[in-house]
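Enquirer: The structure's right below; bear with me while I get my questions together.
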Amino acid sequence: MTATHTPGAVHVDTVDHAVSTPEVNQPYRELGLKDDEYARIREILGRRPTDAELAMYSVMWSEHCSYKSSKVHLAYFGTTTTEEMRAGMLAGIGENAGVVDIGDGWAVTFKVESHNHPSYVEPYQGAATGVGGIVRDILAMGARPLAVMDPLRFGAADAPDTRRVLPGVVAGVGGYGNCLGLPNIGGEVVFDPSYQGNPLVNALCVGAMRVEDLHLAHASGTGNKVILFGARTGLDGIGGVSVLASDTFAGDEGGTGRKKLPSVQVGDPFMEKVLIECCLELFGAGLVVGIQDLGGAGLSCATSELASAGDGGMLVNLDRVPLRATGMTPAEILSSESQERMCAVVRPSDVDAFMRVCAKWDVIATEIGEVTDGDRLVITWHGQTVVDVPPRTVAHEGPVYQRPVQRPADQDALVAAGPEQLPRPSGPDELRAEILRMAASPNLASRRWVTEQYDRYVRGGTVLAQPSDAGMIRVDEATGRGVAISCDCNGRFVRLDPYAGTQLALAEAYRNVAVSGARPVAVTNCLNFGSPEDPGVMWQFEQAVRGLADGCAELGIPVTGGNVSFYNQTGATAILPTPVVGVLGVIDDVAARIPTGLGAPGDVLVLLGATEPELGGSEWAHVAHGHLGGRPPAVDLRRERRLAEVLRGGGVAAAHDLSDGGLAQTLVEACLLSGTGCRVTLPGDDPFVALFSESSARVLVAVPPAELDGFTARCTEADVPWRRLGTVGATDVLEIEGIPALPLPELRTAWEGTLPALFG
Amino acid sequence: MARVVVDVMPKPEILDPQGQAVANALPRLGFAGVSDVRQGKHFELEVDDSVDDRTLERIAEGFLSNPVVEDFVVRRVES
Amino acid sequence: MARVVVDVMPKPEILDPQGQAVANALPRLGFAGVSDVRQGKHFELEVDDSVDDRTLERIAEGFLSNPVVEDFVVRRVES
Amino acid sequence: MKVGVITFPGTLDDVDAARAVRLAGAEPVALWHGDADLRGVEAVVVPGGFSYGDYLRAGAIARFAPVMGEVVAAARRGMPVLGICNGFQVLCEAGLLPGALLRNAGLHFVCRDQTLRVERTSTAWTGSYEQGVEIVIPVKNMDGRFTASKSTVDELEGEGRVVFRYVGGNPNGSVGDIAGICSTDGRVVGLMPHPEHAVDALTGPSADGLGIFRSVLGSVPA
Ligand SMILES: Nc1ncnc2c1ncn2[C@@H]1O[C@H](COP(=O)(O)OP(=O)(O)O)[C@@H](O)[C@H]1O
Ligand SMILES: [Mg+2]
């Protein structure tokens, strides 16, 4: 149960030892390396790797770090990004996070990352360290982190395990983010049985900096010092590498006896807060040449990536690393995923000043090495060389796979089984009951139980947060310049048609940003899929990437970065393919934001876009019949683009987009958010379709009467279909013509009661 | 009725930021000589005599502690 | 070196929602017979032999616990 | 007028408190936890956050910071001191205000727009409000449940030292719906909700919190 520590020295497998013992059996399979991958490592090195080298290669060549299955597909993002789209991009795919020029000398960086598996094992710490990791990514770009978001997915809302996982994840996201002092400005909570046993915990961070302060992760300048700072390195998060320390491998020379170390890490948000302030002071004083956060793969990743991206080699004295545990081996130190650490490259003349800043913030900082003029990454342990590798082969030249891709055999049957034959509610009373049932269903019910656990005010720049369509923060207090972000994905749509479904995710995030009044400018993503060894999953993945890239090209906004998470499955069953898409928008003055809701009494309600009988993959089919089949709604990105332009043209007092649950849900939410009723007439001749269809490219807007003619004229001109639905009333009732009135208190009880009843 | 005490502590290899914060503060407060602090939870349960040790163990392991990151000790004390 | 344990508990008259939450959850999980639960903190300190009982008392009273709402017990255990 | 705003390691709302001080028409002065120096300020704000991670108890470690010795001494001489959220917790730990703040009754962090009633206007920080007025400002904390012995609560109520009370729902189980209290002389005020996050309707639920920072301008002899 507890780690026992070796008395005396740890067995160390040096390079010399490796050269003289070529035939040692190394447990590379236990570390996840394939036979040919291991053979390639031996070929690169011209000998067998040492324990420490094996540890480095195995983590860096893992799917998570090397993108070996996804690389060939992700390349498509590059080929579809035009020069025009690239114009505002200061850093793109390949950097820690994408960076976008938002004007006035400001640059914004944002990225989403997954922390799915750790959050299933230990929901609180898994989610907490997920937030911590993405924040360090943003910090490593030289930016001040400004806000976080958390797209989450869980099994069925009433499943017992969801009751274990969800409260822990939410407490972890909040516990870390709140203590760190970053406002949570949005996210998602989605329930579907496919996530049972494999919840998705994605975390997004956005940060800002002056354009000239952009820091890229590279180690250059021979003689520059490598400084590790932040938390001490411990035995947490070592996971698989502990096999290197097992008796069988380390043999008689004193294995540490550590068998199964917990692969979870515990986060220290206080340390991270201090680390942020310390880093920003270091950046501000110009004391940093290059910087890299330590996340997955710890020092293995940081040293090899810094060296690989630089113009020289690197020498690291591993015995200088401050440790939290005794008896750690070099392989363990290199693989430890202890949180809240950063690695910087610093000019020798700046080292003292660097150390003074760290001391001011009580941050431990240690010079562990330097940049050399060679082209090798050399790591020593008490004077003996334990790693001597070409860093690019570790960090950037890992294996690349062209995995088999095959459209699943059941795809046709799935698409053929559309929702047309499902019994529908009919008549006023049934429709009324359906509106209430939908509003109370887990995927549509108020997220307040979750979002109340998140600080959305800290830093004083939050202009929109939940329950708005997009989160919005002010970047520049003097000018009011700000950014808006939304993350979206409907995995059911993606399951039915991965290409179109991913474009629908893009369309929704784009629309949510547009509805806030911002101009969408860039895209990030977190592609959560099943096993890449399943050709059907690879087909979903390939289609999703193509759909996203082609969609971005059509919208004229680039993908600036992202993250791939494979192996999200329970047994042989993969999750719904879930490419979460995050769209970033810019607004010149946040005072011009469009609030989410209904507007003021007397405002005219106008529905933008066209409603078709599109219920494949809809929330209604899911809630009423547990049905998934047919085609997802049609995508029309050109219309989304025009819709966004119309919204930016002004004249709108409030807005709310239509997505899951259709017009019914949008009306319910808009009324409850504004605390005002309204009276509307449904479009078309089928009230059921009007209420529950999930056709895309639609928005409900509230327009003051004086603006109405001008606004609708602009819609007509832009070829955006519009239709007057009714007016905002000073009443406490949602009145839909032909359906018995829905008093707001009754709607509120339905909408707000669900999550508290489930989770306490 | 018996009183049962359950102490739950972070596993030795797991980071304990709370204990660390205390340990770092003590010298600043003028207390020397404390080299390490770990902080955990202390539960006191009033338990029916019918509840056996195996049940207490299950309560401690499955509910009061998180076996992934914590160890626990159960003690019956005089009531 | 000695190991010192400090247990800090909410005073009896202070509402303890954490303990209460545990007590309420146990029957739902199928554990009967636990009539009351209180939750506090458990500290384990590694202490130099030079540190006397009076000092430990001051650490526990003035720092590890808040006398307005908490009681504490200090114990030296074998090291 | 110069108003100090303290930063401890882990303080989060110092920037916002300084902004509120500025918007109210005073000059914010940054005070560092490690310096036993109030830099000539005439009032002090101890802002919110998680000083030292709130790891031992909220506010327990911060109260020993060198700057707090100066704050306690100055408060005893009548300098206006405002503790917001974590700052309130620090002031209680430091003995400038009675009672303690414990884990919210619901055991969750709670962030919501909260209605408060201003129960007392004769303090250094509430003079610009009308007695009994209701204001909406955010509350956001994990340990916000005000607790004190019965005699202390009776004393606070009897002496009219409850400055703010939760209205329309108590977010954390505080005794008597108490959201904020003051010292016997009304110069030291602590409250859990965050007035610095209600200084304009763009980034907060209202501008109701500004009155707290305006009040202090009138509370010290010019
Ligand atoms: N996990 C979460 N964290 C923070 N905010 C969330 C989370 N889940 C949902 N929200 C917020 O709740 C609101 C409603 O969510 P949702 O219905 O998914 O929005 P939309 O359909 O407009 O994308 C949004 O403001 C969203 O950002
Ligand atoms: Mg929306």
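Here's how to read the names in the structure tokens: chain A, B, ... by the order shown, residue numbers from 1 in each chain, ligand numbers from 1 in the order shown.
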Taking 6 positions as the minimum chain separation for residues in the same chain, which residues sit within 6 Å of region 38-52 of chain C when counting only C-alpha atoms? Answer as a PyMOL selection string.
Expert: (chain B and resi 33-44) or (chain C and resi 1-9+19)
Enquirer: What would chain B look like once superposed on chain C, with the fit done by least squares over all C-alpha atoms paired in order? Give it as a CSV table (one decimal) with C-alpha atoms, in the first residue's frame.
Expert:
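Once everything was written out, this is out34.csv:
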chain,number,residue,atom,x,y,z
B,1,MET,CA,12.4,13.1,16.4
B,2,ALA,CA,8.9,12.3,17.5
B,3,ARG,CA,5.6,12.0,15.8
B,4,VAL,CA,2.9,14.2,17.2
B,5,VAL,CA,-0.8,13.9,16.3
B,6,VAL,CA,-3.2,16.8,16.7
B,7,ASP,CA,-6.9,16.1,16.2
B,8,VAL,CA,-9.1,19.2,15.8
B,9,MET,CA,-12.8,18.9,16.1
B,10,PRO,CA,-15.8,21.3,15.8
B,11,LYS,CA,-17.0,22.1,19.3
B,12,PRO,CA,-20.0,20.0,20.3
B,13,GLU,CA,-22.5,22.9,20.2
B,14,ILE,CA,-21.2,24.1,16.8
B,15,LEU,CA,-22.9,22.9,13.6
B,16,ASP,CA,-20.9,20.3,11.8
B,17,PRO,CA,-22.4,20.2,8.3
B,18,GLN,CA,-19.6,17.8,7.1
B,19,GLY,CA,-20.2,15.2,9.8
B,20,GLN,CA,-24.0,15.6,9.2
B,21,ALA,CA,-23.6,14.9,5.5
B,22,VAL,CA,-21.7,11.7,6.2
B,23,ALA,CA,-24.2,10.6,8.8
B,24,ASN,CA,-27.1,11.2,6.5
B,25,ALA,CA,-25.5,9.4,3.6
B,26,LEU,CA,-24.6,6.2,5.5
B,27,PRO,CA,-28.1,4.7,5.8
B,28,ARG,CA,-28.6,5.4,2.1
B,29,LEU,CA,-25.5,3.4,1.4
B,30,GLY,CA,-26.9,0.5,3.4
B,31,PHE,CA,-25.0,1.1,6.6
B,32,ALA,CA,-27.2,1.1,9.6
B,33,GLY,CA,-26.3,1.7,13.2
B,34,VAL,CA,-24.2,4.8,13.0
B,35,SER,CA,-26.1,7.4,15.0
B,36,ASP,CA,-23.8,10.4,14.8
B,37,VAL,CA,-20.7,11.5,12.9
B,38,ARG,CA,-18.5,14.5,13.5
B,39,GLN,CA,-15.7,15.4,11.1
B,40,GLY,CA,-12.6,17.2,12.0
B,41,LYS,CA,-9.0,17.5,11.0
B,42,HIS,CA,-6.1,15.2,11.7
B,43,PHE,CA,-2.5,16.5,11.6
B,44,GLU,CA,0.6,14.5,11.9
B,45,LEU,CA,3.8,16.5,12.7
B,46,GLU,CA,7.4,15.3,12.7
B,47,VAL,CA,8.8,17.2,15.6
B,48,ASP,CA,12.3,17.7,17.0
B,49,ASP,CA,12.8,16.3,20.5
B,50,SER,CA,13.6,19.8,21.6
B,51,VAL,CA,10.0,20.9,21.1
B,52,ASP,CA,8.2,20.7,24.5
B,53,ASP,CA,4.6,20.0,25.3
B,54,ARG,CA,3.8,23.6,26.0
B,55,THR,CA,5.0,24.6,22.5
B,56,LEU,CA,2.9,21.9,20.9
B,57,GLU,CA,-0.1,23.1,22.8
B,58,ARG,CA,0.5,26.6,21.5
B,59,ILE,CA,0.8,25.4,17.9
B,60,ALA,CA,-2.4,23.4,18.2
B,61,GLU,CA,-4.3,26.1,20.0
B,62,GLY,CA,-3.1,29.2,18.2
B,63,PHE,CA,-2.6,27.8,14.7
B,64,LEU,CA,-4.0,24.4,13.9
B,65,SER,CA,-7.3,25.0,15.5
B,66,ASN,CA,-9.6,28.0,15.7
B,67,PRO,CA,-10.5,28.2,19.4
B,68,VAL,CA,-13.7,30.1,18.7
B,69,VAL,CA,-15.3,27.0,17.0
B,70,GLU,CA,-12.9,24.1,17.5
B,71,ASP,CA,-11.4,21.9,20.3
B,72,PHE,CA,-8.2,20.0,19.9
B,73,VAL,CA,-6.3,17.1,21.4
B,74,VAL,CA,-2.5,16.7,21.1
B,75,ARG,CA,-0.9,13.3,21.4
B,76,ARG,CA,2.7,12.2,21.1
B,77,VAL,CA,2.9,8.8,19.4
B,78,GLU,CA,5.9,6.5,19.0
B,79,SER,CA,8.2,7.4,16.2
Enquirer: Between A:Leu282, A:Val189, A:Ala653, A:Leu672, which is the closest to ligand 1 once you count only C-alpha atoms and all ligand atoms?
Expert: A:Val189
Enquirer: Got a sec to check which residues lie within 7 Å of ligand 1, using only C-alpha atoms and all ligand atoms, and send them as a list in words?
Expert: Met149, Asp150, Pro151, Leu152, Asn184, Ile185, Gly186, Gly187, Glu188, Val189, Leu444, Arg447, Val450, Thr451, Ala465, Gln466, Pro467, Ser468, Asp469, Ala470, Gly471, Ser486, Cys487, Asp488, Ala509, Asn512, Asp657, Ser659 and Asp660 of chain A
Enquirer: If I take CA of Gly211 (chain D) and CA of Arg161 (chain D), how far is one from the other in Å, to one decimal?
Expert: 18.5 Å
Enquirer: Name the residues of region 14-78 of chain B that fall into helix (DSSP H, G or I) according to DSSP on the backbone, using the chain letters and numbers of this document, as a list in words.
Expert: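 The helix (DSSP H, G or I) residues within region 14-78 of chain B come out as Pro17, Gln18, Gly19, Gln20, Ala21, Val22, Ala23, Asn24, Ala25, Leu26, Pro27, Arg28, Asp53, Arg54, Thr55, Leu56, Glu57, Arg58, Ile59, Ala60, Glu61, Gly62, Phe63 and Leu64 of chain B.
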Enquirer: If you take only C-alpha atoms and a cut-off of 9 Å, which residues of chain D touch chain B, and what are their nearest atom pairs and distances in Å to one decimal, in chain and number order, as a tab-separated table?
Expert:
residue	atom	partner	partner_atom	distance
D:Tyr52	CA	B:Ala21	CA	7.0
D:Gly53	CA	B:Gln18	CA	8.1
D:Asp54	CA	B:Gln18	CA	8.5
D:Tyr55	CA	B:Gln18	CA	4.8
D:Leu56	CA	B:Gln18	CA	6.2
D:Ile61	CA	B:Ala25	CA	6.9
D:Phe64	CA	B:Leu29	CA	7.0
D:Ala65	CA	B:Arg28	CA	8.6
Enquirer: Dump as a list in words the residues of chain D that approach chain A to within 7 Å, counting only C-alpha atoms.
Expert: Pro9, Gly10, Leu12, Asp13, Val15, Asp16, Gly49, Phe50, Tyr52, Gly53, His108, Phe109, Val110, Cys111, Arg112, Lys140, His197, Leu202 and Thr203 of chain D
Enquirer: The selected residues should be written to file as a tab-separated table (two decimals), in the first residue's frame (atoms: N, CA and C atoms).
Expert:
chain	number	residue	atom	x	y	z
D	9	PRO	N	-0.06	36.03	-0.72
D	9	PRO	CA	0.00	34.98	-1.74
D	9	PRO	C	-1.38	34.30	-1.78
D	10	GLY	N	-1.98	34.24	-2.94
D	10	GLY	CA	-3.29	33.62	-3.05
D	10	GLY	C	-4.45	34.60	-3.00
D	12	LEU	N	-6.96	37.08	-4.55
D	12	LEU	CA	-7.45	37.10	-5.93
D	12	LEU	C	-8.16	38.39	-6.32
D	13	ASP	N	-8.84	39.00	-5.37
D	13	ASP	CA	-9.69	40.13	-5.74
D	13	ASP	C	-9.05	41.48	-5.42
D	15	VAL	N	-7.00	43.23	-7.35
D	15	VAL	CA	-7.07	44.12	-8.52
D	15	VAL	C	-8.47	44.76	-8.59
D	16	ASP	N	-9.45	43.95	-8.29
D	16	ASP	CA	-10.83	44.43	-8.35
D	16	ASP	C	-11.12	45.42	-7.22
D	49	GLY	N	-10.21	36.16	-1.87
D	49	GLY	CA	-9.32	35.21	-2.52
D	49	GLY	C	-9.14	33.99	-1.66
D	50	PHE	N	-8.03	33.30	-1.88
D	50	PHE	CA	-7.70	32.12	-1.09
D	50	PHE	C	-6.27	32.31	-0.60
D	52	TYR	N	-2.92	31.83	0.94
D	52	TYR	CA	-2.26	30.55	1.28
D	52	TYR	C	-3.16	29.37	0.97
D	53	GLY	N	-3.98	29.49	-0.07
D	53	GLY	CA	-4.84	28.39	-0.47
D	53	GLY	C	-5.98	28.13	0.49
D	108	HIS	N	-20.99	23.26	-0.73
D	108	HIS	CA	-20.47	23.63	-2.04
D	108	HIS	C	-20.00	25.07	-2.02
D	109	PHE	N	-19.09	25.38	-2.93
D	109	PHE	CA	-18.80	26.77	-3.23
D	109	PHE	C	-20.09	27.36	-3.82
D	110	VAL	N	-20.43	28.58	-3.42
D	110	VAL	CA	-21.64	29.21	-3.94
D	110	VAL	C	-21.29	30.56	-4.55
D	111	CYS	N	-21.65	30.74	-5.82
D	111	CYS	CA	-21.47	32.03	-6.50
D	111	CYS	C	-22.83	32.46	-7.01
D	112	ARG	N	-23.36	33.53	-6.44
D	112	ARG	CA	-24.66	34.01	-6.94
D	112	ARG	C	-24.82	35.50	-6.66
D	140	LYS	N	-19.56	34.88	-3.29
D	140	LYS	CA	-18.85	33.74	-3.90
D	140	LYS	C	-17.83	33.24	-2.90
D	197	HIS	N	-17.19	43.65	-6.82
D	197	HIS	CA	-17.67	43.07	-8.07
D	197	HIS	C	-19.05	43.61	-8.46
D	202	LEU	N	-21.94	46.48	-16.16
D	202	LEU	CA	-21.40	45.71	-17.28
D	202	LEU	C	-20.73	44.43	-16.78
D	203	THR	N	-20.00	44.54	-15.70
D	203	THR	CA	-19.24	43.38	-15.21
D	203	THR	C	-19.79	42.84	-13.90
Enquirer: Give as an NGL selection string every residue of chain A that touches chain B within 12 Å, counting only C-alpha atoms.
Expert: :A and (1-5 or 118-126 or 164 or 168 or 231-238 or 258 or 260-272 or 323-328 or 336-340 or 362)
Enquirer: Record the distance separating CA of Ala730 (chain A) and CA of Gly132 (chain D), expressed in Å with one decimal.
Expert: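 Taking CA of Ala730 (chain A) as the start and CA of Gly132 (chain D) as the end point, the length is 28.0 Å.
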Enquirer: Residues at most 7 Å from region 595-610 of chain A, counting only C-alpha atoms, excluding those fewer than 6 positions away in the same chain, as a PyMOL selection string?
Expert: chain A and resi 468-469+516+653-656+670-671+673-674+697-705+720-730
Enquirer: Taking N, CA, C and O atoms for each residue, export the selection above as a CSV table (one decimal), in the first residue's frame.
Expert:
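Output saved as out-v3.csv:
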chain,number,residue,atom,x,y,z
A,468,SER,N,-25.4,32.7,-20.4
A,468,SER,CA,-25.3,33.4,-21.7
A,468,SER,C,-24.9,32.4,-22.8
A,468,SER,O,-24.2,31.4,-22.5
A,469,ASP,N,-25.2,32.7,-24.0
A,469,ASP,CA,-24.8,31.8,-25.1
A,469,ASP,C,-23.3,31.7,-25.2
A,469,ASP,O,-22.8,30.6,-25.6
A,516,SER,N,-23.6,36.9,-29.2
A,516,SER,CA,-23.2,37.8,-28.1
A,516,SER,C,-22.7,39.2,-28.7
A,516,SER,O,-22.4,40.1,-27.9
A,653,ALA,N,-31.8,44.2,-29.1
A,653,ALA,CA,-31.8,44.4,-27.6
A,653,ALA,C,-31.3,43.2,-26.9
A,653,ALA,O,-30.6,43.3,-25.8
A,654,ALA,N,-31.7,42.0,-27.4
A,654,ALA,CA,-31.3,40.8,-26.7
A,654,ALA,C,-31.4,39.7,-27.7
A,654,ALA,O,-32.1,39.9,-28.8
A,655,ALA,N,-30.8,38.5,-27.5
A,655,ALA,CA,-30.9,37.4,-28.5
A,655,ALA,C,-30.6,36.1,-27.7
A,655,ALA,O,-30.1,36.1,-26.7
A,656,HIS,N,-31.1,35.0,-28.4
A,656,HIS,CA,-30.7,33.7,-27.9
A,656,HIS,C,-30.8,32.8,-29.1
A,656,HIS,O,-31.8,32.8,-29.8
A,670,ALA,N,-35.2,32.0,-22.6
A,670,ALA,CA,-35.2,33.4,-22.8
A,670,ALA,C,-36.1,34.1,-21.8
A,670,ALA,O,-35.8,35.1,-21.1
A,671,CYS,N,-37.3,33.5,-21.6
A,671,CYS,CA,-38.3,34.1,-20.6
A,671,CYS,C,-37.7,34.0,-19.2
A,671,CYS,O,-37.7,35.0,-18.5
A,673,LEU,N,-34.6,33.7,-18.2
A,673,LEU,CA,-33.4,34.5,-18.0
A,673,LEU,C,-33.7,35.9,-17.8
A,673,LEU,O,-33.1,36.7,-17.0
A,674,SER,N,-34.7,36.4,-18.6
A,674,SER,CA,-35.1,37.8,-18.4
A,674,SER,C,-36.2,38.0,-17.4
A,674,SER,O,-36.4,39.2,-17.0
A,697,ALA,N,-28.7,27.5,-37.9
A,697,ALA,CA,-28.7,28.8,-38.4
A,697,ALA,C,-30.0,29.6,-38.0
A,697,ALA,O,-30.5,30.3,-38.8
A,698,ARG,N,-30.4,29.4,-36.8
A,698,ARG,CA,-31.6,30.2,-36.3
A,698,ARG,C,-31.3,30.9,-35.0
A,698,ARG,O,-30.5,30.4,-34.2
A,699,VAL,N,-31.8,32.1,-34.9
A,699,VAL,CA,-31.6,32.9,-33.7
A,699,VAL,C,-32.9,33.6,-33.4
A,699,VAL,O,-33.6,34.1,-34.3
A,700,LEU,N,-33.3,33.7,-32.1
A,700,LEU,CA,-34.4,34.5,-31.7
A,700,LEU,C,-33.9,35.8,-31.2
A,700,LEU,O,-33.0,35.9,-30.4
A,701,VAL,N,-34.4,36.9,-31.8
A,701,VAL,CA,-33.9,38.2,-31.4
A,701,VAL,C,-35.0,39.1,-30.9
A,701,VAL,O,-36.2,39.0,-31.3
A,702,ALA,N,-34.7,40.0,-30.0
A,702,ALA,CA,-35.7,41.0,-29.5
A,702,ALA,C,-35.2,42.3,-30.0
A,702,ALA,O,-34.1,42.8,-29.8
A,703,VAL,N,-36.1,43.0,-30.8
A,703,VAL,CA,-35.8,44.2,-31.4
A,703,VAL,C,-36.7,45.3,-30.9
A,703,VAL,O,-37.9,45.1,-30.9
A,704,PRO,N,-36.2,46.4,-30.5
A,704,PRO,CA,-37.0,47.5,-30.0
A,704,PRO,C,-37.9,48.0,-31.2
A,704,PRO,O,-37.3,48.0,-32.4
A,705,PRO,N,-39.1,48.3,-31.0
A,705,PRO,CA,-40.0,48.7,-32.2
A,705,PRO,C,-39.4,49.7,-33.1
A,705,PRO,O,-39.5,49.6,-34.3
A,720,VAL,N,-31.2,36.7,-45.1
A,720,VAL,CA,-31.4,35.9,-43.9
A,720,VAL,C,-33.0,35.9,-43.7
A,720,VAL,O,-33.6,36.9,-43.5
A,721,PRO,N,-33.6,34.7,-43.7
A,721,PRO,CA,-35.0,34.7,-43.5
A,721,PRO,C,-35.4,35.2,-42.1
A,721,PRO,O,-34.7,34.9,-41.2
A,722,TRP,N,-36.4,35.9,-42.1
A,722,TRP,CA,-36.9,36.4,-40.7
A,722,TRP,C,-38.4,36.3,-40.6
A,722,TRP,O,-39.1,36.3,-41.6
A,723,ARG,N,-38.9,36.3,-39.5
A,723,ARG,CA,-40.3,36.2,-39.3
A,723,ARG,C,-40.6,36.7,-37.9
A,723,ARG,O,-40.0,36.4,-36.9
A,724,ARG,N,-41.6,37.6,-37.9
A,724,ARG,CA,-42.1,38.2,-36.6
A,724,ARG,C,-42.8,37.2,-35.8
A,724,ARG,O,-43.8,36.6,-36.4
A,725,LEU,N,-42.4,36.9,-34.6
A,725,LEU,CA,-43.1,35.9,-33.8
A,725,LEU,C,-44.1,36.5,-32.8
A,725,LEU,O,-45.1,35.9,-32.5
A,726,GLY,N,-43.7,37.7,-32.3
A,726,GLY,CA,-44.6,38.2,-31.3
A,726,GLY,C,-43.9,39.3,-30.5
A,726,GLY,O,-43.0,40.0,-31.0
A,727,THR,N,-44.4,39.6,-29.3
A,727,THR,CA,-43.8,40.7,-28.5
A,727,THR,C,-43.5,40.2,-27.1
A,727,THR,O,-44.1,39.3,-26.6
A,728,VAL,N,-42.5,40.9,-26.5
A,728,VAL,CA,-42.2,40.7,-25.1
A,728,VAL,C,-43.2,41.4,-24.3
A,728,VAL,O,-43.6,42.5,-24.5
A,729,GLY,N,-43.7,40.7,-23.3
A,729,GLY,CA,-44.8,41.2,-22.5
A,729,GLY,C,-44.3,41.5,-21.1
A,729,GLY,O,-43.3,41.0,-20.7
A,730,ALA,N,-45.0,42.3,-20.4
A,730,ALA,CA,-44.6,42.6,-19.0
A,730,ALA,C,-45.2,41.6,-18.1
A,730,ALA,O,-45.2,41.7,-16.9
Enquirer: Enumerate, as a PyMOL selection string, the complete set of residues in chain C that a backbone-based DSSP assignment places in strand (DSSP E).
Expert: chain C and resi 2-10+34-47+70-77
Enquirer: Determine, counting only C-alpha atoms, which protein, DNA and RNA residues have an atom within 6 Å of an atom of Val188 (chain D); residues of the same chain fewer than 3 positions away are not included. Present the result as a count of residues only.
Expert: 5
Enquirer: Closest to ligand 2 among A:Leu436, A:Val635, A:Val521, A:Val513, using only C-alpha atoms and all ligand atoms?
Expert: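 That would be A:Val513, the residue with the smallest distance to ligand 2.
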Enquirer: So how far away is CA of Thr109 (chain A) from CA of Val135 (chain A), in Å?
Expert: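 Here the two named atoms are 10.8 Å from each other.
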Enquirer: Point out the residue among A:Ala664, A:Leu758, A:Val515, A:Ala544 with the least atom-to-atom distance to ligand 2, counting only C-alpha atoms and all ligand atoms.
Expert: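 So, comparing all the options, the nearest one is A:Val515.
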